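For reference, structure.txt is printed below; it contains compact mmCIF, C-alpha atoms and all ligand atoms.
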# COMPACT_ATOMS: atom_id res chain seq x y z
CA ALA W 19 36.00 -42.63 63.06
CA PRO W 20 32.82 -42.98 61.01
CA ILE W 21 29.84 -45.10 62.08
CA GLN W 22 30.17 -48.36 60.17
CA ALA W 23 27.53 -50.49 58.50
CA PRO W 24 26.38 -52.98 61.15
CA ASP W 25 27.08 -56.67 61.48
CA LEU W 26 23.78 -57.89 60.02
CA GLY W 27 24.19 -61.26 61.67
CA ASP W 28 24.10 -59.53 65.01
CA CYS W 29 20.63 -57.98 64.90
CA HIS W 30 18.74 -58.18 68.19
CA GLN W 31 15.50 -57.06 69.80
CA PRO W 32 15.19 -53.34 69.15
CA VAL W 33 16.08 -51.58 72.40
CA ASP W 34 14.08 -48.40 71.77
CA VAL W 35 10.66 -49.91 71.10
CA PRO W 36 8.38 -48.91 73.99
CA ALA W 37 7.01 -51.60 76.26
CA THR W 38 3.48 -50.67 75.19
CA ALA W 39 4.19 -51.72 71.58
CA PRO W 40 3.23 -55.20 70.43
CA ALA W 41 6.09 -57.71 70.35
CA ILE W 42 7.84 -57.21 67.03
CA ASN W 43 10.92 -58.41 65.31
CA CYS W 44 12.43 -55.72 63.18
CA CYS W 45 15.53 -57.52 62.00
CA PRO W 46 15.51 -57.65 58.20
CA THR W 47 16.16 -61.00 56.50
CA TYR W 48 19.78 -61.90 56.33
CA SER W 49 21.47 -65.17 55.59
CA ALA W 50 24.85 -65.74 57.13
CA GLY W 51 27.69 -65.35 54.71
CA THR W 52 25.91 -62.93 52.34
CA VAL W 53 28.62 -60.79 50.82
CA ALA W 54 27.87 -57.10 50.37
CA ILE W 55 28.79 -55.21 47.23
CA ASP W 56 29.92 -51.60 47.36
CA PHE W 57 27.47 -49.07 46.01
CA THR W 58 27.92 -47.84 42.48
CA PRO W 59 25.72 -45.07 41.12
CA PRO W 60 23.36 -45.93 38.27
CA PRO W 61 24.71 -45.27 34.75
CA ALA W 62 24.64 -41.58 33.88
CA SER W 63 22.57 -42.50 30.83
CA SER W 64 19.75 -44.06 32.87
CA PRO W 65 16.48 -42.13 32.91
CA LEU W 66 16.00 -39.38 35.46
CA ARG W 67 13.18 -40.23 37.85
CA VAL W 68 11.11 -37.13 38.52
CA ARG W 69 9.31 -37.36 41.84
CA PRO W 70 5.87 -35.73 41.62
CA ALA W 71 4.08 -33.80 44.35
CA ALA W 72 1.50 -36.22 45.77
CA HIS W 73 -1.36 -33.74 45.48
CA LEU W 74 -0.60 -33.17 41.78
CA ALA W 75 -0.22 -36.83 40.81
CA ASP W 76 -2.49 -37.82 37.93
CA ARG W 77 -4.52 -40.98 37.48
CA ALA W 78 -2.01 -42.77 35.28
CA TYR W 79 0.73 -42.16 37.81
CA LEU W 80 -1.46 -43.27 40.69
CA ALA W 81 -2.36 -46.50 38.91
CA LYS W 82 1.34 -47.29 38.46
CA TYR W 83 2.23 -46.45 42.01
CA GLU W 84 -0.62 -48.50 43.43
CA ARG W 85 0.29 -51.46 41.28
CA ALA W 86 3.92 -51.28 42.38
CA VAL W 87 3.04 -51.12 46.09
CA SER W 88 0.55 -53.92 45.77
CA LEU W 89 3.17 -56.12 44.07
CA MET W 90 5.64 -55.23 46.81
CA LYS W 91 3.09 -56.26 49.44
CA LYS W 92 2.63 -59.59 47.66
CA LEU W 93 6.30 -60.56 47.59
CA PRO W 94 7.16 -63.43 49.95
CA ALA W 95 7.61 -62.01 53.44
CA ASP W 96 11.25 -63.06 53.57
CA ASP W 97 12.19 -61.39 50.27
CA PRO W 98 14.24 -58.33 51.30
CA ARG W 99 12.32 -56.29 48.72
CA SER W 100 8.89 -57.06 50.22
CA PHE W 101 6.92 -54.35 51.99
CA GLU W 102 7.11 -56.52 55.08
CA GLN W 103 10.91 -56.32 54.99
CA GLN W 104 11.13 -52.72 53.87
CA TRP W 105 9.57 -51.23 56.99
CA ARG W 106 11.83 -53.40 59.12
CA VAL W 107 14.90 -51.73 57.66
CA HIS W 108 13.71 -48.46 59.13
CA CYS W 109 12.79 -50.11 62.41
CA ALA W 110 16.20 -51.77 62.73
CA TYR W 111 18.21 -48.58 62.17
CA CYS W 112 15.86 -46.42 64.19
CA ASP W 113 15.12 -48.49 67.23
CA GLY W 114 18.48 -49.89 68.14
CA ALA W 115 18.40 -53.41 66.68
CA TYR W 116 22.10 -53.12 65.77
CA ASP W 117 25.12 -52.28 67.86
CA GLN W 118 27.95 -50.19 66.50
CA VAL W 119 30.74 -52.32 65.09
CA GLY W 120 33.42 -52.54 67.78
CA PHE W 121 31.15 -51.10 70.50
CA PRO W 122 28.94 -53.88 71.83
CA GLY W 123 25.91 -52.50 73.63
CA LEU W 124 26.14 -49.09 71.94
CA GLU W 125 23.29 -48.81 69.47
CA ILE W 126 23.24 -47.43 65.94
CA GLN W 127 20.63 -44.70 65.68
CA ILE W 128 20.27 -42.73 62.48
CA HIS W 129 17.87 -40.15 63.90
CA SER W 130 18.80 -37.04 65.79
CA CYS W 131 22.24 -36.69 64.24
CA TRP W 132 23.97 -35.81 60.98
CA LEU W 133 23.14 -39.20 59.41
CA PHE W 134 19.43 -38.38 59.27
CA PHE W 135 19.32 -36.95 55.72
CA PRO W 136 21.77 -39.30 53.99
CA TRP W 137 20.37 -42.47 55.54
CA HIS W 138 16.78 -41.65 54.62
CA ARG W 139 17.79 -40.56 51.13
CA MET W 140 19.34 -43.92 50.41
CA TYR W 141 16.46 -45.77 52.04
CA LEU W 142 14.05 -44.08 49.62
CA TYR W 143 16.46 -44.55 46.73
CA PHE W 144 16.36 -48.32 47.02
CA HIS W 145 12.67 -48.45 47.88
CA GLU W 146 11.89 -46.46 44.73
CA ARG W 147 14.03 -48.66 42.51
CA ILE W 148 12.46 -51.81 43.88
CA LEU W 149 8.99 -50.42 43.15
CA GLY W 150 10.05 -49.45 39.62
CA LYS W 151 11.56 -52.86 39.00
CA LEU W 152 8.34 -54.59 40.09
CA ILE W 153 6.38 -52.80 37.38
CA GLY W 154 9.21 -52.83 34.86
CA ASP W 155 9.43 -49.04 34.79
CA GLU W 156 12.86 -47.46 35.05
CA THR W 157 11.35 -44.00 35.27
CA PHE W 158 9.15 -44.74 38.27
CA ALA W 159 9.56 -42.17 41.04
CA LEU W 160 8.03 -41.93 44.52
CA PRO W 161 5.71 -39.00 45.21
CA PHE W 162 6.51 -36.37 47.81
CA TRP W 163 4.12 -34.86 50.34
CA ASN W 164 4.53 -31.19 49.50
CA TRP W 165 3.84 -29.95 53.06
CA ASP W 166 5.87 -26.81 52.55
CA ALA W 167 3.30 -25.37 50.11
CA PRO W 168 -0.30 -24.36 50.96
CA ASN W 169 -1.83 -26.91 48.56
CA GLY W 170 0.15 -29.70 50.15
CA MET W 171 -0.75 -28.78 53.73
CA SER W 172 -3.21 -31.59 54.37
CA PHE W 173 -2.97 -35.37 54.28
CA PRO W 174 -2.31 -36.43 50.65
CA ALA W 175 -5.60 -37.79 49.29
CA ILE W 176 -3.99 -40.60 47.26
CA TYR W 177 -3.10 -42.35 50.53
CA ALA W 178 -6.55 -41.91 52.04
CA ASN W 179 -8.55 -44.29 49.83
CA ARG W 180 -9.49 -47.29 51.91
CA TRP W 181 -9.36 -49.64 48.90
CA SER W 182 -5.88 -48.66 47.88
CA PRO W 183 -2.63 -50.46 48.80
CA LEU W 184 -1.48 -47.00 49.91
CA TYR W 185 -4.01 -47.04 52.74
CA ASP W 186 -3.17 -47.66 56.38
CA PRO W 187 -5.97 -47.83 58.96
CA ARG W 188 -3.66 -46.76 61.80
CA ARG W 189 -3.80 -43.02 61.24
CA ASN W 190 -5.40 -40.08 62.94
CA GLN W 191 -8.99 -40.16 61.63
CA ALA W 192 -9.49 -36.52 62.59
CA HIS W 193 -6.75 -35.47 60.16
CA LEU W 194 -8.10 -36.83 56.91
CA PRO W 195 -8.07 -34.43 53.96
CA PRO W 196 -8.86 -31.57 53.75
CA PHE W 197 -8.11 -31.04 57.46
CA PRO W 198 -5.20 -28.57 57.58
CA LEU W 199 -1.75 -29.79 58.58
CA ASP W 200 0.06 -28.10 61.44
CA LEU W 201 3.81 -28.28 60.82
CA ASP W 202 4.45 -27.59 64.48
CA TYR W 203 1.90 -30.12 65.80
CA SER W 204 2.67 -31.31 69.29
CA GLY W 205 -0.31 -33.49 70.10
CA THR W 206 -3.30 -31.15 70.11
CA ASP W 207 -5.06 -29.47 67.24
CA THR W 208 -4.86 -25.72 67.20
CA ASN W 209 -8.00 -23.71 66.58
CA ILE W 210 -6.41 -20.88 64.70
CA PRO W 211 -8.09 -20.25 61.32
CA LYS W 212 -6.74 -22.11 58.31
CA ASP W 213 -5.22 -19.02 56.63
CA GLN W 214 -3.26 -18.17 59.72
CA LEU W 215 -2.12 -21.75 60.13
CA ILE W 216 -0.81 -21.71 56.57
CA ASP W 217 1.12 -18.51 57.27
CA GLN W 218 2.50 -20.02 60.42
CA ASN W 219 3.56 -23.14 58.48
CA LEU W 220 5.28 -21.05 55.82
CA ASN W 221 7.20 -19.20 58.49
CA ILE W 222 8.31 -22.43 60.08
CA MET W 223 9.70 -23.52 56.74
CA LYS W 224 11.57 -20.28 56.44
CA ALA W 225 13.18 -20.66 59.83
CA GLU W 226 14.17 -24.26 59.25
CA LEU W 227 17.40 -25.71 57.86
CA PHE W 228 19.27 -28.04 58.87
CA MET W 229 21.61 -31.05 59.24
CA GLY W 230 22.05 -32.39 62.80
CA GLN W 231 24.99 -32.92 65.14
CA PRO W 232 28.14 -35.00 64.52
CA TYR W 233 27.81 -38.68 65.40
CA ARG W 234 30.88 -40.92 65.14
CA ALA W 235 31.86 -44.47 65.99
CA GLY W 236 31.76 -44.88 69.75
CA ASP W 237 29.44 -41.90 70.32
CA GLN W 238 26.26 -42.20 72.32
CA PRO W 239 23.23 -42.05 69.99
CA GLU W 240 21.11 -38.95 69.39
CA PRO W 241 23.58 -36.10 69.85
CA GLY W 242 21.00 -33.71 68.39
CA ALA W 243 18.68 -33.27 65.43
CA GLY W 244 18.88 -30.63 62.73
CA THR W 245 16.02 -28.19 62.44
CA VAL W 246 14.11 -29.93 59.63
CA GLU W 247 14.23 -33.19 61.53
CA SER W 248 12.88 -31.57 64.73
CA VAL W 249 10.27 -29.52 62.89
CA PRO W 250 8.43 -30.27 60.62
CA HIS W 251 9.64 -33.86 60.28
CA ASN W 252 8.73 -35.03 63.79
CA PRO W 253 5.40 -33.14 64.07
CA VAL W 254 4.21 -34.50 60.68
CA HIS W 255 4.87 -38.05 61.91
CA ARG W 256 2.94 -37.35 65.05
CA TRP W 257 0.10 -35.55 63.28
CA THR W 258 -0.42 -38.55 60.97
CA GLY W 259 -0.24 -41.35 63.56
CA ASP W 260 -3.35 -42.85 65.14
CA PRO W 261 -4.09 -41.57 68.66
CA ARG W 262 -6.18 -44.73 69.31
CA GLN W 263 -2.99 -46.83 69.22
CA PRO W 264 -0.73 -47.09 72.27
CA ASN W 265 2.18 -45.19 70.69
CA GLY W 266 0.57 -43.30 67.81
CA GLU W 267 1.24 -46.19 65.43
CA ASP W 268 1.92 -46.32 62.58
CA MET W 269 3.47 -42.98 61.65
CA GLY W 270 3.66 -41.56 65.17
CA ILE W 271 6.51 -43.76 66.36
CA PHE W 272 9.69 -44.81 64.60
CA TYR W 273 9.44 -48.57 64.86
CA SER W 274 6.18 -48.75 62.88
CA ALA W 275 6.39 -45.54 60.84
CA ALA W 276 7.47 -47.14 57.57
CA ARG W 277 4.55 -49.57 57.65
CA ASP W 278 2.47 -46.68 56.40
CA PRO W 279 3.09 -46.05 52.68
CA VAL W 280 2.74 -42.30 53.30
CA PHE W 281 6.06 -42.53 55.16
CA PHE W 282 7.80 -42.54 51.79
CA ALA W 283 6.00 -39.41 50.60
CA HIS W 284 6.76 -37.64 53.86
CA HIS W 285 10.42 -38.52 53.55
CA GLY W 286 10.35 -37.59 49.89
CA ASN W 287 9.69 -34.04 51.00
CA VAL W 288 12.23 -34.19 53.82
CA ASP W 289 14.76 -35.26 51.22
CA ARG W 290 13.59 -32.53 48.87
CA MET W 291 14.42 -29.99 51.59
CA TRP W 292 18.00 -31.23 51.64
CA HIS W 293 18.14 -31.08 47.85
CA ILE W 294 16.77 -27.52 47.88
CA ARG W 295 19.26 -26.48 50.50
CA ARG W 296 22.22 -27.69 48.48
CA ALA W 297 20.99 -26.79 45.03
CA LEU W 298 19.16 -23.51 45.60
CA LEU W 299 19.59 -21.95 49.00
CA PHE W 300 23.29 -22.47 49.54
CA PRO W 301 24.73 -23.59 46.22
CA GLY W 302 28.23 -24.95 46.65
CA ASP W 303 27.70 -25.64 50.34
CA THR W 304 28.85 -29.18 51.00
CA ASP W 305 27.20 -29.60 54.43
CA PHE W 306 30.24 -31.28 56.03
CA THR W 307 33.65 -32.26 54.72
CA ASP W 308 34.46 -34.39 57.74
CA PRO W 309 35.36 -37.96 56.71
CA ASP W 310 33.51 -39.23 59.77
CA TRP W 311 30.37 -38.06 58.01
CA LEU W 312 31.36 -38.84 54.42
CA ASP W 313 32.52 -42.38 55.20
CA ALA W 314 29.74 -43.41 57.55
CA SER W 315 28.13 -46.48 55.96
CA PHE W 316 24.94 -48.53 55.96
CA PHE W 317 23.51 -51.62 54.30
CA PHE W 318 20.47 -51.81 52.07
CA TYR W 319 19.12 -54.40 49.66
CA ASP W 320 18.79 -53.23 46.08
CA GLU W 321 16.18 -54.04 43.42
CA GLU W 322 18.00 -57.28 42.59
CA ALA W 323 17.96 -58.25 46.27
CA ARG W 324 21.73 -57.75 46.52
CA LEU W 325 23.17 -56.46 49.76
CA VAL W 326 24.78 -53.08 49.12
CA ARG W 327 27.13 -51.08 51.32
CA VAL W 328 26.44 -47.37 50.92
CA ARG W 329 28.48 -44.49 52.30
CA VAL W 330 27.23 -41.00 53.04
CA ARG W 331 29.46 -39.70 50.22
CA ASP W 332 27.42 -41.80 47.75
CA SER W 333 24.24 -39.98 48.73
CA LEU W 334 25.14 -36.35 48.14
CA ASP W 335 24.09 -35.77 44.56
CA PRO W 336 20.53 -36.59 43.47
CA ALA W 337 21.47 -36.08 39.81
CA ALA W 338 24.11 -38.81 40.10
CA LEU W 339 21.49 -41.01 41.74
CA ARG W 340 19.22 -40.21 38.79
CA PHE W 341 16.32 -38.64 40.62
CA THR W 342 14.96 -35.16 41.02
CA TYR W 343 11.78 -33.39 42.15
CA GLN W 344 8.96 -31.85 40.23
CA ASP W 345 9.43 -28.09 40.35
CA VAL W 346 6.53 -26.75 42.39
CA GLY W 347 8.05 -23.51 43.67
CA LEU W 348 8.90 -22.50 47.22
CA PRO W 349 6.12 -20.32 48.59
CA TRP W 350 7.81 -20.11 52.00
CA LEU W 351 10.98 -18.46 50.72
CA ASN W 352 9.32 -15.06 50.81
CA ALA W 353 6.89 -15.67 53.66
CA LYS W 354 6.26 -12.51 55.66
CA PRO W 355 6.56 -13.00 59.40
CU1 LIG T 401 13.36 -42.40 60.14
CU2 LIG T 401 10.70 -39.90 59.55
O1 LIG T 401 11.83 -41.20 60.30

File written out as C-alpha cells:
Amino acid sequence: APIQAPDLGDCHQPVDVPATAPAINCCPTYSAGTVAIDFTPPPASSPLRVRPAAHLADRAYLAKYERAVSLMKKLPADDPRSFEQQWRVHCAYCDGAYDQVGFPGLEIQIHSCWLFFPWHRMYLYFHERILGKLIGDETFALPFWNWDAPNGMSFPAIYANRWSPLYDPRRNQAHLPPFPLDLDYSGTDTNIPKDQLIDQNLNIMKAELFMGQPYRAGDQPEPGAGTVESVPHNPVHRWTGDPRQPNGEDMGIFYSAARDPVFFAHHGNVDRMWHIRRALLFPGDTDFTDPDWLDASFFFYDEEARLVRVRVRDSLDPAALRFTYQDVGLPWLNAKP
C-alpha cells in the first residue's frame, strides 16, 4: 500500500535530529479539525512560470524575488505560508516528526527512496506560489542553481549578499563565489585545478540518473536513494553548509536545510533533472507505474493557507503544474570521460 499523508495532529519531536542540534520544534502549524482539500492542478490557462537559472537572473527579477522572500519572512510565525513555517515542513517530513498512518513508531521519511523527487517538487510548487501571491505576480518562478553547467558551478551570487533576505550566515565561508563547486564533495576541498574539476562534475552528471528504491506503507525508512539524490544532491548540501556549526547547519543537515533560501534553488535544479529525464532523455518513460508510488500522498499548505492533500500522480507533469525551466542547454550530455 502507498505511504499516506500523515496525521498532522500527531506530529512529535523529530527522531532524526542529532543530539548536537539545538532544541527545535519542526511541527508545522496545524489546528485540530482542519479539513484538507484534494489537490487540483491550476487552470490550464494560467501563466506558465519559467524558472530562471540563478546565475542568469537579472536585476528586475532579483528585486521581485527578494521582495517576495522578505514578505514571506515578515508573515506571522504561525501563518503556514511564513518562512518560519516553510522550513519546518521540510524538517517534519525529513527528520521523522510524523509516523506512518497505521504504523505507530515507524517514521515517514521522504529521502532515500522513490518519494524524493515528487515530494520535493510539490514542496517547491507551493513555496513558489506563496511567494508569487505575496507580490501579486502569477508568473513568479523560483530560480534554479544550475550546478550541472560550468557557469553554475559555484555558489549563486544572488544568495551571497549579506543585506539580502536571500542571505544565510550559516554557510561555508570558504565556498563563496567564485570558489568552484565540487559535485562529489565529501567534506574536504580537492586541489585539482578548476578546469579538471569542471570536467569531473560534467562526468558525474552524465553518470547520474535516477529515482530511488520503492518505499510503501509499513516499510522501514530509507530503502535507498536514486543516483541524483546521492550525488550531486547530498554533496551540494554538504558543500554549502557551515563547518563552524555542529552539524553543518543550515544546508548541511536536513532538519535546518530549508532555512537557507538557497535550498529552493538547489532543489529547483534537482527537480529540473527529473524534468529533463522525463522530457528529454527518456521521453515516454513514466518512472514507475506502481500504484504504491502513484498514490503515495502528502500534505502541504497552499498560497491561500488551505491544507492540500497531494498524491505523487499529481506531481508528474510540470506543464500541468504550470511551470518550466529556462532552457540553458545540457553541457554534460556530451561530456568526454
Ligand atoms: Cu529534502 Cu535536499 O533535501

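For ligand LIG 401 (chain T), the protein and nucleic acid residues at most 9 Å away, judged by only C-alpha atoms and all ligand atoms, amount to His108, Cys109, Tyr111, Cys112, Ile128, His129, Phe134, Trp137, His138, Glu247, His251, Asn252, Val254, His255, Met269, Ile271, Phe272, Tyr273, Ala275, Ala276, Phe281, Phe282, His284, His285 and Val288 of chain W.
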
Could the residues in this selection be written to a file with C-alpha atoms, as a PDB file, keeping the file's coordinate frame?
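What landed in result.pdb:
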ATOM      1  CA  HIS W 108      13.710 -48.460  59.130  1.00  0.00           C
ATOM      2  CA  CYS W 109      12.790 -50.110  62.410  1.00  0.00           C
ATOM      3  CA  TYR W 111      18.210 -48.580  62.170  1.00  0.00           C
ATOM      4  CA  CYS W 112      15.860 -46.420  64.190  1.00  0.00           C
ATOM      5  CA  ILE W 128      20.270 -42.730  62.480  1.00  0.00           C
ATOM      6  CA  HIS W 129      17.870 -40.150  63.900  1.00  0.00           C
ATOM      7  CA  PHE W 134      19.430 -38.380  59.270  1.00  0.00           C
ATOM      8  CA  TRP W 137      20.370 -42.470  55.540  1.00  0.00           C
ATOM      9  CA  HIS W 138      16.780 -41.650  54.620  1.00  0.00           C
ATOM     10  CA  GLU W 247      14.230 -33.190  61.530  1.00  0.00           C
ATOM     11  CA  HIS W 251       9.640 -33.860  60.280  1.00  0.00           C
ATOM     12  CA  ASN W 252       8.730 -35.030  63.790  1.00  0.00           C
ATOM     13  CA  VAL W 254       4.210 -34.500  60.680  1.00  0.00           C
ATOM     14  CA  HIS W 255       4.870 -38.050  61.910  1.00  0.00           C
ATOM     15  CA  MET W 269       3.470 -42.980  61.650  1.00  0.00           C
ATOM     16  CA  ILE W 271       6.510 -43.760  66.360  1.00  0.00           C
ATOM     17  CA  PHE W 272       9.690 -44.810  64.600  1.00  0.00           C
ATOM     18  CA  TYR W 273       9.440 -48.570  64.860  1.00  0.00           C
ATOM     19  CA  ALA W 275       6.390 -45.540  60.840  1.00  0.00           C
ATOM     20  CA  ALA W 276       7.470 -47.140  57.570  1.00  0.00           C
ATOM     21  CA  PHE W 281       6.060 -42.530  55.160  1.00  0.00           C
ATOM     22  CA  PHE W 282       7.800 -42.540  51.790  1.00  0.00           C
ATOM     23  CA  HIS W 284       6.760 -37.640  53.860  1.00  0.00           C
ATOM     24  CA  HIS W 285      10.420 -38.520  53.550  1.00  0.00           C
ATOM     25  CA  VAL W 288      12.230 -34.190  53.820  1.00  0.00           C
TER      26      VAL W 288
END

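Comparing the minimum interatomic distances between Pro136 (chain W) and each of W:Gly230, W:Pro279, W:Gly302, W:Pro264, counting all atoms listed in the file, we find that W:Gly230 sits nearest.
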
Excluding region 153-162 of chain W and its own-chain neighbours fewer than 5 positions away, which residues fall within 6 Å of it when counting all atoms listed in the file? Please give them as a JSON list (two decimals) with C-alpha atoms, in the frame of the given file.
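Dumped to out.json:
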[["chain", "number", "residue", "atom", "x", "y", "z"],
["W", 65, "PRO", "CA", 16.48, -42.13, 32.91],
["W", 67, "ARG", "CA", 13.18, -40.23, 37.85],
["W", 68, "VAL", "CA", 11.11, -37.13, 38.52],
["W", 69, "ARG", "CA", 9.31, -37.36, 41.84],
["W", 70, "PRO", "CA", 5.87, -35.73, 41.62],
["W", 71, "ALA", "CA", 4.08, -33.80, 44.35],
["W", 72, "ALA", "CA", 1.50, -36.22, 45.77],
["W", 86, "ALA", "CA", 3.92, -51.28, 42.38],
["W", 146, "GLU", "CA", 11.89, -46.46, 44.73],
["W", 283, "ALA", "CA", 6.00, -39.41, 50.60],
["W", 286, "GLY", "CA", 10.35, -37.59, 49.89],
["W", 287, "ASN", "CA", 9.69, -34.04, 51.00]]

Distance criterion (only C-alpha atoms): nearest to Arg106 (chain W) out of W:Leu80, W:Cys29, W:Ala62, W:Ile55: W:Cys29

Residue among W:Lys92, W:Arg290, W:Arg139, W:Arg277 lying closest to Val346 (chain W), counting all atoms listed in the file: W:Arg290

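Candidate residues W:Asn221, W:Thr342, W:Asn169, W:Asn190 were compared for distance to Thr206 (chain W), and the nearest is W:Asn190, using only C-alpha atoms.
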
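One finds CA of Tyr48 (chain W) at 20.1 Å from CA of Gly120 (chain W).
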
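Using all atoms listed in the file, the shortest contact distance between Thr307 (chain W) and any of W:Pro232, W:Arg147, W:Gly270, W:Thr258 is found at W:Pro232.
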
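Relative to CA of Pro20 (chain W), CA of Asp308 (chain W) is found at 9.3 Å.
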
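With all atoms listed in the file as the basis for measurement, W:Pro46 is the residue among W:Pro301, W:Pro241, W:Pro46, W:Pro59 that approaches Arg99 (chain W) most closely.
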
Shell of 8 Å around Gly266 (chain W), all atoms listed in the file, local chain residues under 6 positions omitted, as a list in words: Arg189, Arg256, Gly259 and Asp260 of chain W

What does the distance between CA of Ala175 (chain W) and CA of Asn352 (chain W) come to in Å, to one decimal place? 27.2 Å

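Look at region 318-322 of chain W: the protein and nucleic acid residues within 8 Å of it, using all atoms listed in the file and passing over chain neighbours fewer than 2 places away, are Pro98, Arg99, Val107, Tyr141, Phe144, His145, Arg147, Ile148, Lys151, Phe316, Arg324, Leu325, Val326, Arg327 and Val328 of chain W.
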
Padding 4 Å on every side, please: axis-aligned box over the listed atoms of region 62-72 of chain W, centre and edge lengths to one decimal in Å, as AutoDock Vina command-line options.
--center_x 13.1 --center_y -38.9 --center_z 38.3 --size_x 31.1 --size_y 18.3 --size_z 22.9

If we count all atoms listed in the file and set the cut-off at 8 Å, which residues sit around Leu194 (chain W), ignoring sequence neighbours fewer than 5 positions away in its own chain? Please answer as a list in words. Ser172, Phe173 and Ala178 of chain W

Take the residues just selected and output them with C-alpha atoms as a PDB file, keeping the file's coordinate frame.
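File out-v5.pdb, as written:
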ATOM      1  CA  SER W 172      -3.210 -31.590  54.370  1.00  0.00           C
ATOM      2  CA  PHE W 173      -2.970 -35.370  54.280  1.00  0.00           C
ATOM      3  CA  ALA W 178      -6.550 -41.910  52.040  1.00  0.00           C
TER       4      ALA W 178
END

Asn219 (chain W) surroundings by all atoms listed in the file, 7 Å radius, close-in-sequence under 4 positions cut, as a PyMOL selection string: chain W and resi 200-201+215+223
